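Each remark here refers to the structure printed beneath this line.
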Amino acid sequence: MARPGSTVRVSLGKRSYDVLIRDGGIRHLGKYLWDLGFTGKVGVVTNPIVHRLYGRRVAKSLREAGFQSHSILIPDGERAKTLRWVSRILDELVRARFERGSVLVAFGGGVIGDITGFAAAVYLRGIPFVQVATTLVAQVDSSVGGKTGINHPLGKNLIGAFYQPCLVLLDTETLRTLPEREWVAGLAEVIKYGMIADGKFFAYLENHMSALLKLDGPVVQHVIKRCCEIKASVVAKDEREVGLRRILNYGHTIGHALESLGQYRKFIHGEAVGVGMVCEADLARDLGYCSEELVGRQRELIRRAGLPVELPSLRFGDLWSAMLHDKKVVKGQVHCVVPRTVGKVEVVALRQSSVKRWFHGRKTPGPAQGTAARQASFSLLKVNP
Ligand code: NAD
Ligand code: GLY
């Protein structure tokens, strides 16, 4: 029997699904698929790291439930989120004669989830897929909500589809093998949920950050559940990001710019989002949307999580050009999520002159902190074309 856990429902009419949060849950993946009525082939898309750690457990669970499973391995990391690797996955599915009733399992972090979901969306015009997320970023964000996709050489996540999974399984036990840097990066997305939707949850994080950093079981379970509840509620109201869903991008306007300026090597996603939230809150304060106290409170929590909080040394022109590539740009105008109070945000249009004034008026950054501190300088880098 799986250890008890909790379940969050993503309500999207006929495309509704459950998010199962279960410590040790991957041992029961076969049963969960069986319960959904699947009987055919199962393709498990993963990478060598996750496969080495957990591949046997998953294969055993599928075998015991009577499934014929095929492992499809792609390289680790962001470099695998390409059309070339989608094509390789599709080749495997064709060769193994996968049918419309077959199911694809995305077994790994956000990279695996995004590419597998996209392959599932296009193979035979759509076959069912299940997210089995193994990183904190994937468990609190990417596995829920149906954004799937890959990168184009000219930009991140430029090719994709909204395609919902039919089940999300979050086995919190798998988080114990995550490298510390990946765990801490995921905490940025966790803090984001407190800022955008739930002041009480933000206060809970302030009170439980030490426990969270020690991977305390009940605290981790509670935090993942609350993040999934918030994400599920936003996605249920605005699946295709025509309005409300944009709040999930808090910290991402500047965060994505920093990722691209660092050519995706300087900061990993969550680290860039952490610095992005610090900057976007400070910019919001400068524009009169929120208080100095909010800025300090948020910055302190991000710092305590072990995330970097300083904007690296860079030129305003480079930052602004990178911000213009954000997906929230409408008719050439940059839009940004700004905090009003802890737990409440809104989306506003930004003028270049206001951002420039904020940028040049910032207090001189102190020494960089956090796990990415050593890398926080862009002096030798340039903007992606
Ligand atoms: P990732 O998938 O690259 O995983 C990070 C690292 O952890 C990898 O090296 C991976 O092999 C390793 N790993 C995974 N699980 C492990 C485990 N249990 N133990 C040890 N190592 C493990 O990165 P990520 O942070 O999970 O995801 C980032 C990606 O997700 C980006 O491509 C981003 O664009 C995407 N994303 C998508 C959405 C969405 O809504 N679809 C949301 C946020 C992020
Ligand atoms: N990660 C942002 C979203 O799912 O909309």
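The way I read the labels, and the way they are meant: chains A, B, ... in the order of the structure tokens, residue 1 as the first residue of every chain, and ligand 1 as the first ligand shown, with later ones counted on from there.
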Go through segment 62-209 of chain A and collect every residue that DSSP, computed from the backbone, puts in alpha helix (DSSP H); the answer should be as number ranges by chain. A: 62-64, 83-95, 110-122, 136-137, 180-197, 199-209
Would you name the residues within 9 Å of ligand 2, counting only C-alpha atoms and all ligand atoms, and put them as a list in words? Asp141, Ser142, Ser143, Val144, Gly145, Gly146, Lys147, Glu189, Lys231, Val234, Val235, Glu239, Arg240, Glu241, Arg245, Arg246, Ile247, Leu248 and Asn249 of chain A
Would you export the selected residues with N, CA, C and O atoms as a PDB file, in the first residue's frame, please?
```
ATOM      1  N   ASP A 141       4.958  23.012 -10.021  1.00  0.00           N
ATOM      2  CA  ASP A 141       4.625  23.900 -11.137  1.00  0.00           C
ATOM      3  C   ASP A 141       4.412  23.157 -12.458  1.00  0.00           C
ATOM      4  O   ASP A 141       3.286  22.984 -12.926  1.00  0.00           O
ATOM      5  N   SER A 142       5.523  22.659 -13.063  1.00  0.00           N
ATOM      6  CA  SER A 142       5.424  22.285 -14.478  1.00  0.00           C
ATOM      7  C   SER A 142       4.541  21.080 -14.771  1.00  0.00           C
ATOM      8  O   SER A 142       4.008  20.968 -15.877  1.00  0.00           O
ATOM      9  N   SER A 143       4.365  20.166 -13.801  1.00  0.00           N
ATOM     10  CA  SER A 143       3.582  18.956 -14.115  1.00  0.00           C
ATOM     11  C   SER A 143       2.078  19.230 -14.114  1.00  0.00           C
ATOM     12  O   SER A 143       1.297  18.441 -14.621  1.00  0.00           O
ATOM     13  N   VAL A 144       1.684  20.357 -13.528  1.00  0.00           N
ATOM     14  CA  VAL A 144       0.255  20.682 -13.393  1.00  0.00           C
ATOM     15  C   VAL A 144      -0.096  21.810 -14.363  1.00  0.00           C
ATOM     16  O   VAL A 144       0.628  22.807 -14.423  1.00  0.00           O
ATOM     17  N   GLY A 145      -1.157  21.650 -15.127  1.00  0.00           N
ATOM     18  CA  GLY A 145      -1.631  22.791 -15.917  1.00  0.00           C
ATOM     19  C   GLY A 145      -1.538  22.646 -17.417  1.00  0.00           C
ATOM     20  O   GLY A 145      -2.066  23.474 -18.147  1.00  0.00           O
ATOM     21  N   GLY A 146      -0.816  21.623 -17.903  1.00  0.00           N
ATOM     22  CA  GLY A 146      -0.893  21.302 -19.327  1.00  0.00           C
ATOM     23  C   GLY A 146      -0.078  22.147 -20.279  1.00  0.00           C
ATOM     24  O   GLY A 146      -0.305  22.100 -21.484  1.00  0.00           O
ATOM     25  N   LYS A 147       0.895  22.906 -19.773  1.00  0.00           N
ATOM     26  CA  LYS A 147       1.787  23.585 -20.728  1.00  0.00           C
ATOM     27  C   LYS A 147       2.868  22.590 -21.122  1.00  0.00           C
ATOM     28  O   LYS A 147       3.589  22.080 -20.258  1.00  0.00           O
ATOM     29  N   GLU A 189       9.829  29.036  -6.778  1.00  0.00           N
ATOM     30  CA  GLU A 189       8.456  28.893  -7.291  1.00  0.00           C
ATOM     31  C   GLU A 189       7.475  28.737  -6.116  1.00  0.00           C
ATOM     32  O   GLU A 189       6.341  29.223  -6.173  1.00  0.00           O
ATOM     33  N   LYS A 231      -2.159  26.409  -8.014  1.00  0.00           N
ATOM     34  CA  LYS A 231      -1.990  26.314  -9.473  1.00  0.00           C
ATOM     35  C   LYS A 231      -3.260  25.748 -10.108  1.00  0.00           C
ATOM     36  O   LYS A 231      -3.730  26.243 -11.135  1.00  0.00           O
ATOM     37  N   VAL A 234      -5.970  28.377 -10.388  1.00  0.00           N
ATOM     38  CA  VAL A 234      -5.711  29.376 -11.441  1.00  0.00           C
ATOM     39  C   VAL A 234      -5.961  28.763 -12.823  1.00  0.00           C
ATOM     40  O   VAL A 234      -6.635  29.354 -13.681  1.00  0.00           O
ATOM     41  N   VAL A 235      -5.445  27.536 -13.035  1.00  0.00           N
ATOM     42  CA  VAL A 235      -5.566  26.883 -14.351  1.00  0.00           C
ATOM     43  C   VAL A 235      -7.044  26.594 -14.660  1.00  0.00           C
ATOM     44  O   VAL A 235      -7.491  26.754 -15.802  1.00  0.00           O
ATOM     45  N   GLU A 239      -7.324  28.324 -18.417  1.00  0.00           N
ATOM     46  CA  GLU A 239      -6.415  27.263 -18.886  1.00  0.00           C
ATOM     47  C   GLU A 239      -5.393  27.787 -19.885  1.00  0.00           C
ATOM     48  O   GLU A 239      -4.234  27.394 -19.880  1.00  0.00           O
ATOM     49  N   ARG A 240      -5.817  28.689 -20.784  1.00  0.00           N
ATOM     50  CA  ARG A 240      -4.952  29.089 -21.907  1.00  0.00           C
ATOM     51  C   ARG A 240      -4.277  30.440 -21.734  1.00  0.00           C
ATOM     52  O   ARG A 240      -3.857  31.077 -22.693  1.00  0.00           O
ATOM     53  N   GLU A 241      -4.196  30.879 -20.519  1.00  0.00           N
ATOM     54  CA  GLU A 241      -3.468  32.105 -20.184  1.00  0.00           C
ATOM     55  C   GLU A 241      -3.920  33.320 -20.987  1.00  0.00           C
ATOM     56  O   GLU A 241      -3.112  34.025 -21.586  1.00  0.00           O
ATOM     57  N   ARG A 245      -4.105  33.524 -15.577  1.00  0.00           N
ATOM     58  CA  ARG A 245      -2.950  32.623 -15.489  1.00  0.00           C
ATOM     59  C   ARG A 245      -1.626  33.375 -15.580  1.00  0.00           C
ATOM     60  O   ARG A 245      -0.588  32.881 -15.153  1.00  0.00           O
ATOM     61  N   ARG A 246      -1.670  34.592 -16.114  1.00  0.00           N
ATOM     62  CA  ARG A 246      -0.430  35.369 -16.231  1.00  0.00           C
ATOM     63  C   ARG A 246       0.202  35.641 -14.865  1.00  0.00           C
ATOM     64  O   ARG A 246       1.402  35.864 -14.773  1.00  0.00           O
ATOM     65  N   ILE A 247      -0.609  35.583 -13.790  1.00  0.00           N
ATOM     66  CA  ILE A 247      -0.016  35.859 -12.462  1.00  0.00           C
ATOM     67  C   ILE A 247       1.019  34.807 -12.078  1.00  0.00           C
ATOM     68  O   ILE A 247       1.879  35.048 -11.248  1.00  0.00           O
ATOM     69  N   LEU A 248       0.923  33.616 -12.703  1.00  0.00           N
ATOM     70  CA  LEU A 248       1.914  32.563 -12.405  1.00  0.00           C
ATOM     71  C   LEU A 248       3.299  32.964 -12.911  1.00  0.00           C
ATOM     72  O   LEU A 248       4.294  32.326 -12.599  1.00  0.00           O
ATOM     73  N   ASN A 249       3.327  34.019 -13.712  1.00  0.00           N
ATOM     74  CA  ASN A 249       4.612  34.474 -14.257  1.00  0.00           C
ATOM     75  C   ASN A 249       5.266  35.561 -13.408  1.00  0.00           C
ATOM     76  O   ASN A 249       6.197  36.224 -13.861  1.00  0.00           O
TER      77      ASN A 249
END
```
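In terms of minimum interatomic distance to Gly332 of chain A, A:Leu350 ranks closest within A:Leu350, A:Ile196, A:Val8, A:Ala272, counting only C-alpha atoms.
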Kindly work out which residues sit at most 7 Å from ligand 1, using only C-alpha atoms and all ligand atoms, and give the list as an mmCIF file with all heavy atoms, in the first residue's frame.
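Okay, this is what ended up in result_10.cif:
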```
data_model
loop_
_atom_site.group_PDB
_atom_site.id
_atom_site.type_symbol
_atom_site.label_atom_id
_atom_site.label_comp_id
_atom_site.auth_asym_id
_atom_site.auth_seq_id
_atom_site.Cartn_x
_atom_site.Cartn_y
_atom_site.Cartn_z
ATOM 1 N N ASN A 47 15.338 10.297 -18.304
ATOM 2 C CA ASN A 47 16.741 10.571 -18.668
ATOM 3 C C ASN A 47 17.643 9.616 -17.872
ATOM 4 O O ASN A 47 17.176 8.948 -16.943
ATOM 5 C CB ASN A 47 17.079 12.053 -18.467
ATOM 6 C CG ASN A 47 17.158 12.434 -16.994
ATOM 7 O OD1 ASN A 47 17.591 11.666 -16.148
ATOM 8 N ND2 ASN A 47 16.730 13.641 -16.682
ATOM 9 N N ILE A 49 19.796 9.940 -15.538
ATOM 10 C CA ILE A 49 19.930 10.150 -14.084
ATOM 11 C C ILE A 49 18.724 9.573 -13.346
ATOM 12 O O ILE A 49 18.856 8.786 -12.404
ATOM 13 C CB ILE A 49 20.082 11.663 -13.776
ATOM 14 C CG1 ILE A 49 21.418 12.154 -14.352
ATOM 15 C CG2 ILE A 49 19.969 11.942 -12.290
ATOM 16 C CD1 ILE A 49 21.669 13.634 -14.171
ATOM 17 N N VAL A 50 17.546 9.950 -13.806
ATOM 18 C CA VAL A 50 16.323 9.487 -13.135
ATOM 19 C C VAL A 50 16.152 7.974 -13.349
ATOM 20 O O VAL A 50 15.749 7.241 -12.443
ATOM 21 C CB VAL A 50 15.097 10.286 -13.653
ATOM 22 C CG1 VAL A 50 13.807 9.792 -13.019
ATOM 23 C CG2 VAL A 50 15.294 11.776 -13.376
ATOM 24 N N ASP A 76 20.033 14.262 -20.423
ATOM 25 C CA ASP A 76 19.642 15.092 -19.289
ATOM 26 C C ASP A 76 19.718 16.575 -19.658
ATOM 27 O O ASP A 76 20.583 16.981 -20.433
ATOM 28 C CB ASP A 76 20.607 14.812 -18.123
ATOM 29 C CG ASP A 76 20.258 15.622 -16.894
ATOM 30 O OD1 ASP A 76 19.056 15.754 -16.607
ATOM 31 O OD2 ASP A 76 21.185 16.139 -16.238
ATOM 32 N N GLY A 77 18.830 17.363 -19.098
ATOM 33 C CA GLY A 77 18.979 18.823 -19.143
ATOM 34 C C GLY A 77 18.230 19.511 -20.276
ATOM 35 O O GLY A 77 17.670 18.885 -21.178
ATOM 36 N N GLU A 78 18.276 20.831 -20.192
ATOM 37 C CA GLU A 78 17.550 21.716 -21.116
ATOM 38 C C GLU A 78 17.924 21.458 -22.582
ATOM 39 O O GLU A 78 17.117 21.638 -23.484
ATOM 40 C CB GLU A 78 17.890 23.163 -20.718
ATOM 41 C CG GLU A 78 17.006 24.235 -21.285
ATOM 42 C CD GLU A 78 15.585 24.263 -20.717
ATOM 43 O OE1 GLU A 78 15.361 23.902 -19.551
ATOM 44 O OE2 GLU A 78 14.684 24.642 -21.485
ATOM 45 N N GLY A 108 10.364 12.386 -14.688
ATOM 46 C CA GLY A 108 11.531 13.223 -14.437
ATOM 47 C C GLY A 108 11.114 14.628 -14.039
ATOM 48 O O GLY A 108 10.016 14.853 -13.535
ATOM 49 N N GLY A 109 12.005 15.589 -14.304
ATOM 50 C CA GLY A 109 11.741 16.982 -13.959
ATOM 51 C C GLY A 109 10.955 17.690 -15.049
ATOM 52 O O GLY A 109 10.338 17.058 -15.918
ATOM 53 N N GLY A 110 11.026 19.015 -15.028
ATOM 54 C CA GLY A 110 10.251 19.824 -15.969
ATOM 55 C C GLY A 110 10.645 19.616 -17.422
ATOM 56 O O GLY A 110 9.785 19.698 -18.307
ATOM 57 N N VAL A 111 11.917 19.340 -17.672
ATOM 58 C CA VAL A 111 12.345 19.131 -19.052
ATOM 59 C C VAL A 111 11.655 17.902 -19.629
ATOM 60 O O VAL A 111 11.057 17.941 -20.711
ATOM 61 C CB VAL A 111 13.892 18.981 -19.118
ATOM 62 C CG1 VAL A 111 14.321 18.440 -20.469
ATOM 63 C CG2 VAL A 111 14.564 20.310 -18.823
ATOM 64 N N ILE A 112 11.695 16.804 -18.881
ATOM 65 C CA ILE A 112 11.058 15.565 -19.336
ATOM 66 C C ILE A 112 9.547 15.762 -19.475
ATOM 67 O O ILE A 112 8.932 15.331 -20.450
ATOM 68 C CB ILE A 112 11.363 14.412 -18.336
ATOM 69 C CG1 ILE A 112 12.860 14.058 -18.365
ATOM 70 C CG2 ILE A 112 10.480 13.200 -18.586
ATOM 71 C CD1 ILE A 112 13.319 13.312 -19.601
ATOM 72 N N ASP A 114 7.839 18.544 -20.057
ATOM 73 C CA ASP A 114 7.476 19.427 -21.181
ATOM 74 C C ASP A 114 7.602 18.703 -22.522
ATOM 75 O O ASP A 114 6.722 18.794 -23.383
ATOM 76 C CB ASP A 114 8.385 20.670 -21.193
ATOM 77 C CG ASP A 114 7.961 21.718 -20.162
ATOM 78 O OD1 ASP A 114 7.076 21.427 -19.342
ATOM 79 O OD2 ASP A 114 8.520 22.828 -20.191
ATOM 80 N N THR A 134 9.618 14.484 -10.653
ATOM 81 C CA THR A 134 10.622 14.104 -9.650
ATOM 82 C C THR A 134 11.500 15.261 -9.160
ATOM 83 O O THR A 134 12.447 15.034 -8.416
ATOM 84 C CB THR A 134 11.547 12.997 -10.220
ATOM 85 O OG1 THR A 134 12.239 13.537 -11.361
ATOM 86 C CG2 THR A 134 10.773 11.754 -10.626
ATOM 87 N N THR A 135 11.220 16.499 -9.620
ATOM 88 C CA THR A 135 11.947 17.649 -9.053
ATOM 89 C C THR A 135 10.934 18.548 -8.346
ATOM 90 O O THR A 135 9.724 18.449 -8.602
ATOM 91 C CB THR A 135 12.651 18.502 -10.137
ATOM 92 O OG1 THR A 135 11.650 19.086 -10.990
ATOM 93 C CG2 THR A 135 13.632 17.687 -10.970
ATOM 94 N N LEU A 136 11.431 19.456 -7.506
ATOM 95 C CA LEU A 136 10.505 20.355 -6.816
ATOM 96 C C LEU A 136 9.823 21.293 -7.813
ATOM 97 O O LEU A 136 8.615 21.538 -7.726
ATOM 98 C CB LEU A 136 11.266 21.153 -5.737
ATOM 99 C CG LEU A 136 10.397 22.037 -4.846
ATOM 100 C CD1 LEU A 136 9.302 21.244 -4.128
ATOM 101 C CD2 LEU A 136 11.250 22.804 -3.830
ATOM 102 N N VAL A 137 10.592 21.801 -8.788
ATOM 103 C CA VAL A 137 9.986 22.681 -9.809
ATOM 104 C C VAL A 137 8.842 21.948 -10.507
ATOM 105 O O VAL A 137 7.757 22.489 -10.721
ATOM 106 C CB VAL A 137 11.046 23.140 -10.847
ATOM 107 C CG1 VAL A 137 10.385 23.772 -12.071
ATOM 108 C CG2 VAL A 137 12.032 24.120 -10.215
ATOM 109 N N ALA A 138 9.074 20.693 -10.854
ATOM 110 C CA ALA A 138 8.046 19.935 -11.572
ATOM 111 C C ALA A 138 6.862 19.618 -10.657
ATOM 112 O O ALA A 138 5.709 19.647 -11.089
ATOM 113 C CB ALA A 138 8.655 18.661 -12.146
ATOM 114 N N ASP A 141 4.958 23.012 -10.021
ATOM 115 C CA ASP A 141 4.625 23.900 -11.137
ATOM 116 C C ASP A 141 4.412 23.157 -12.458
ATOM 117 O O ASP A 141 3.286 22.984 -12.926
ATOM 118 C CB ASP A 141 5.740 24.959 -11.275
ATOM 119 C CG ASP A 141 5.402 26.066 -12.250
ATOM 120 O OD1 ASP A 141 4.324 26.021 -12.848
ATOM 121 O OD2 ASP A 141 6.220 26.997 -12.415
ATOM 122 N N SER A 142 5.523 22.659 -13.063
ATOM 123 C CA SER A 142 5.424 22.285 -14.478
ATOM 124 C C SER A 142 4.541 21.080 -14.771
ATOM 125 O O SER A 142 4.008 20.968 -15.877
ATOM 126 C CB SER A 142 6.825 22.061 -15.062
ATOM 127 O OG SER A 142 7.479 21.012 -14.411
ATOM 128 N N SER A 143 4.365 20.166 -13.801
ATOM 129 C CA SER A 143 3.582 18.956 -14.115
ATOM 130 C C SER A 143 2.078 19.230 -14.114
ATOM 131 O O SER A 143 1.297 18.441 -14.621
ATOM 132 C CB SER A 143 3.909 17.840 -13.118
ATOM 133 O OG SER A 143 3.496 18.209 -11.820
ATOM 134 N N VAL A 144 1.684 20.357 -13.528
ATOM 135 C CA VAL A 144 0.255 20.682 -13.393
ATOM 136 C C VAL A 144 -0.096 21.810 -14.363
ATOM 137 O O VAL A 144 0.628 22.807 -14.423
ATOM 138 C CB VAL A 144 -0.051 21.141 -11.946
ATOM 139 C CG1 VAL A 144 -1.513 21.528 -11.782
ATOM 140 C CG2 VAL A 144 0.336 20.053 -10.945
ATOM 141 N N GLY A 145 -1.157 21.650 -15.127
ATOM 142 C CA GLY A 145 -1.631 22.791 -15.917
ATOM 143 C C GLY A 145 -1.538 22.646 -17.417
ATOM 144 O O GLY A 145 -2.066 23.474 -18.147
ATOM 145 N N GLY A 146 -0.816 21.623 -17.903
ATOM 146 C CA GLY A 146 -0.893 21.302 -19.327
ATOM 147 C C GLY A 146 -0.078 22.147 -20.279
ATOM 148 O O GLY A 146 -0.305 22.100 -21.484
ATOM 149 N N LYS A 147 0.895 22.906 -19.773
ATOM 150 C CA LYS A 147 1.787 23.585 -20.728
ATOM 151 C C LYS A 147 2.868 22.590 -21.122
ATOM 152 O O LYS A 147 3.589 22.080 -20.258
ATOM 153 C CB LYS A 147 2.443 24.807 -20.088
ATOM 154 C CG LYS A 147 1.582 26.043 -20.105
ATOM 155 C CD LYS A 147 2.411 27.257 -19.697
ATOM 156 C CE LYS A 147 1.568 28.498 -19.621
ATOM 157 N NZ LYS A 147 2.340 29.644 -19.085
ATOM 158 N N THR A 148 2.951 22.290 -22.410
ATOM 159 C CA THR A 148 3.983 21.363 -22.880
ATOM 160 C C THR A 148 4.765 22.071 -23.978
ATOM 161 O O THR A 148 4.248 22.997 -24.605
ATOM 162 C CB THR A 148 3.363 20.082 -23.475
ATOM 163 O OG1 THR A 148 2.787 20.399 -24.759
ATOM 164 C CG2 THR A 148 2.296 19.489 -22.573
ATOM 165 N N ASN A 157 10.923 27.628 -25.016
ATOM 166 C CA ASN A 157 9.490 27.258 -25.008
ATOM 167 C C ASN A 157 8.689 27.917 -26.139
ATOM 168 O O ASN A 157 7.513 28.227 -25.969
ATOM 169 C CB ASN A 157 8.831 27.652 -23.667
ATOM 170 C CG ASN A 157 9.417 26.895 -22.500
ATOM 171 O OD1 ASN A 157 9.965 25.798 -22.661
ATOM 172 N ND2 ASN A 157 9.341 27.458 -21.310
ATOM 173 N N THR A 174 11.062 10.857 -3.980
ATOM 174 C CA THR A 174 12.091 11.053 -5.016
ATOM 175 C C THR A 174 12.850 12.376 -4.817
ATOM 176 O O THR A 174 13.976 12.523 -5.308
ATOM 177 C CB THR A 174 11.481 11.049 -6.447
ATOM 178 O OG1 THR A 174 10.546 12.126 -6.562
ATOM 179 C CG2 THR A 174 10.789 9.737 -6.763
ATOM 180 N N LEU A 175 12.237 13.309 -4.081
ATOM 181 C CA LEU A 175 12.898 14.612 -3.903
ATOM 182 C C LEU A 175 14.157 14.500 -3.048
ATOM 183 O O LEU A 175 15.008 15.386 -3.066
ATOM 184 C CB LEU A 175 11.921 15.605 -3.260
ATOM 185 C CG LEU A 175 10.672 15.917 -4.091
ATOM 186 C CD1 LEU A 175 9.701 16.792 -3.300
ATOM 187 C CD2 LEU A 175 11.057 16.611 -5.396
ATOM 188 N N ARG A 176 14.262 13.402 -2.306
ATOM 189 C CA ARG A 176 15.413 13.278 -1.385
ATOM 190 C C ARG A 176 16.732 13.083 -2.108
ATOM 191 O O ARG A 176 17.791 13.260 -1.512
ATOM 192 C CB ARG A 176 15.165 12.142 -0.379
ATOM 193 C CG ARG A 176 14.070 12.564 0.595
ATOM 194 C CD ARG A 176 13.702 11.511 1.622
ATOM 195 N NE ARG A 176 12.325 11.767 2.046
ATOM 196 C CZ ARG A 176 11.388 10.874 2.234
ATOM 197 N NH1 ARG A 176 11.653 9.598 2.080
ATOM 198 N NH2 ARG A 176 10.179 11.226 2.586
ATOM 199 N N THR A 177 16.693 12.720 -3.392
ATOM 200 C CA THR A 177 17.959 12.560 -4.132
ATOM 201 C C THR A 177 18.288 13.786 -4.991
ATOM 202 O O THR A 177 19.297 13.790 -5.691
ATOM 203 C CB THR A 177 17.899 11.313 -5.044
ATOM 204 O OG1 THR A 177 16.719 11.396 -5.847
ATOM 205 C CG2 THR A 177 17.899 10.024 -4.249
ATOM 206 N N LEU A 178 17.431 14.806 -4.912
ATOM 207 C CA LEU A 178 17.686 16.003 -5.743
ATOM 208 C C LEU A 178 18.952 16.721 -5.285
ATOM 209 O O LEU A 178 19.153 16.896 -4.077
ATOM 210 C CB LEU A 178 16.541 16.998 -5.551
ATOM 211 C CG LEU A 178 15.457 17.131 -6.580
ATOM 212 C CD1 LEU A 178 14.662 18.405 -6.287
ATOM 213 C CD2 LEU A 178 15.989 17.175 -7.988
ATOM 214 N N PRO A 179 19.787 17.191 -6.222
ATOM 215 C CA PRO A 179 20.919 18.030 -5.809
ATOM 216 C C PRO A 179 20.396 19.269 -5.073
ATOM 217 O O PRO A 179 19.331 19.802 -5.423
ATOM 218 C CB PRO A 179 21.568 18.428 -7.142
ATOM 219 C CG PRO A 179 21.085 17.422 -8.134
ATOM 220 C CD PRO A 179 19.737 16.967 -7.666
ATOM 221 N N GLU A 182 19.109 22.234 -7.030
ATOM 222 C CA GLU A 182 17.801 22.061 -7.686
ATOM 223 C C GLU A 182 16.664 22.235 -6.671
ATOM 224 O O GLU A 182 15.611 22.784 -6.990
ATOM 225 C CB GLU A 182 17.700 20.677 -8.341
ATOM 226 C CG GLU A 182 18.713 20.412 -9.434
ATOM 227 C CD GLU A 182 18.478 21.248 -10.695
ATOM 228 O OE1 GLU A 182 17.392 21.821 -10.840
ATOM 229 O OE2 GLU A 182 19.416 21.321 -11.512
ATOM 230 N N GLY A 186 13.760 25.273 -6.686
ATOM 231 C CA GLY A 186 12.319 25.020 -6.639
ATOM 232 C C GLY A 186 11.633 25.875 -5.578
ATOM 233 O O GLY A 186 10.451 26.230 -5.717
ATOM 234 N N HIS A 269 16.541 27.942 -13.726
ATOM 235 C CA HIS A 269 15.282 28.682 -13.814
ATOM 236 C C HIS A 269 14.839 29.289 -12.458
ATOM 237 O O HIS A 269 14.579 30.487 -12.363
ATOM 238 C CB HIS A 269 14.208 27.758 -14.385
ATOM 239 C CG HIS A 269 12.865 28.395 -14.512
ATOM 240 N ND1 HIS A 269 12.595 29.377 -15.436
ATOM 241 C CD2 HIS A 269 11.717 28.223 -13.804
ATOM 242 C CE1 HIS A 269 11.345 29.771 -15.309
ATOM 243 N NE2 HIS A 269 10.792 29.075 -14.325
#
```
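Residue neighbourhood of Gly194 of chain A, excluding near-sequence residues (fewer than 4 positions): Glu189, Val190, Asp198, Gly199, Lys200, Phe201, Phe202, Ala203, Tyr204, Leu205, Arg226, Cys227, Ile230, Gln298, Val342, Gly343 and Lys344 of chain A, at 10 Å, using only C-alpha atoms.
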How would the residues just picked look written out with C-alpha atoms as a PDB file, in the first residue's frame?
```
ATOM      1  CA  GLU A 189       8.456  28.893  -7.291  1.00  0.00           C
ATOM      2  CA  VAL A 190       7.053  27.898  -3.871  1.00  0.00           C
ATOM      3  CA  ASP A 198      -1.956  33.376  -0.304  1.00  0.00           C
ATOM      4  CA  GLY A 199      -0.495  35.640   2.377  1.00  0.00           C
ATOM      5  CA  LYS A 200      -1.096  32.995   5.069  1.00  0.00           C
ATOM      6  CA  PHE A 201       0.912  30.479   3.068  1.00  0.00           C
ATOM      7  CA  PHE A 202       3.712  33.048   2.739  1.00  0.00           C
ATOM      8  CA  ALA A 203       3.729  33.427   6.557  1.00  0.00           C
ATOM      9  CA  TYR A 204       3.790  29.608   6.876  1.00  0.00           C
ATOM     10  CA  LEU A 205       6.888  29.561   4.665  1.00  0.00           C
ATOM     11  CA  ARG A 226      -0.831  24.092  -1.236  1.00  0.00           C
ATOM     12  CA  CYS A 227       1.177  25.029  -4.348  1.00  0.00           C
ATOM     13  CA  ILE A 230      -3.214  27.328  -6.019  1.00  0.00           C
ATOM     14  CA  GLN A 298      10.008  38.922   0.419  1.00  0.00           C
ATOM     15  CA  VAL A 342       1.694  39.737   0.171  1.00  0.00           C
ATOM     16  CA  GLY A 343      -0.806  37.375  -1.505  1.00  0.00           C
ATOM     17  CA  LYS A 344      -2.157  39.813  -4.100  1.00  0.00           C
TER      18      LYS A 344
END
```
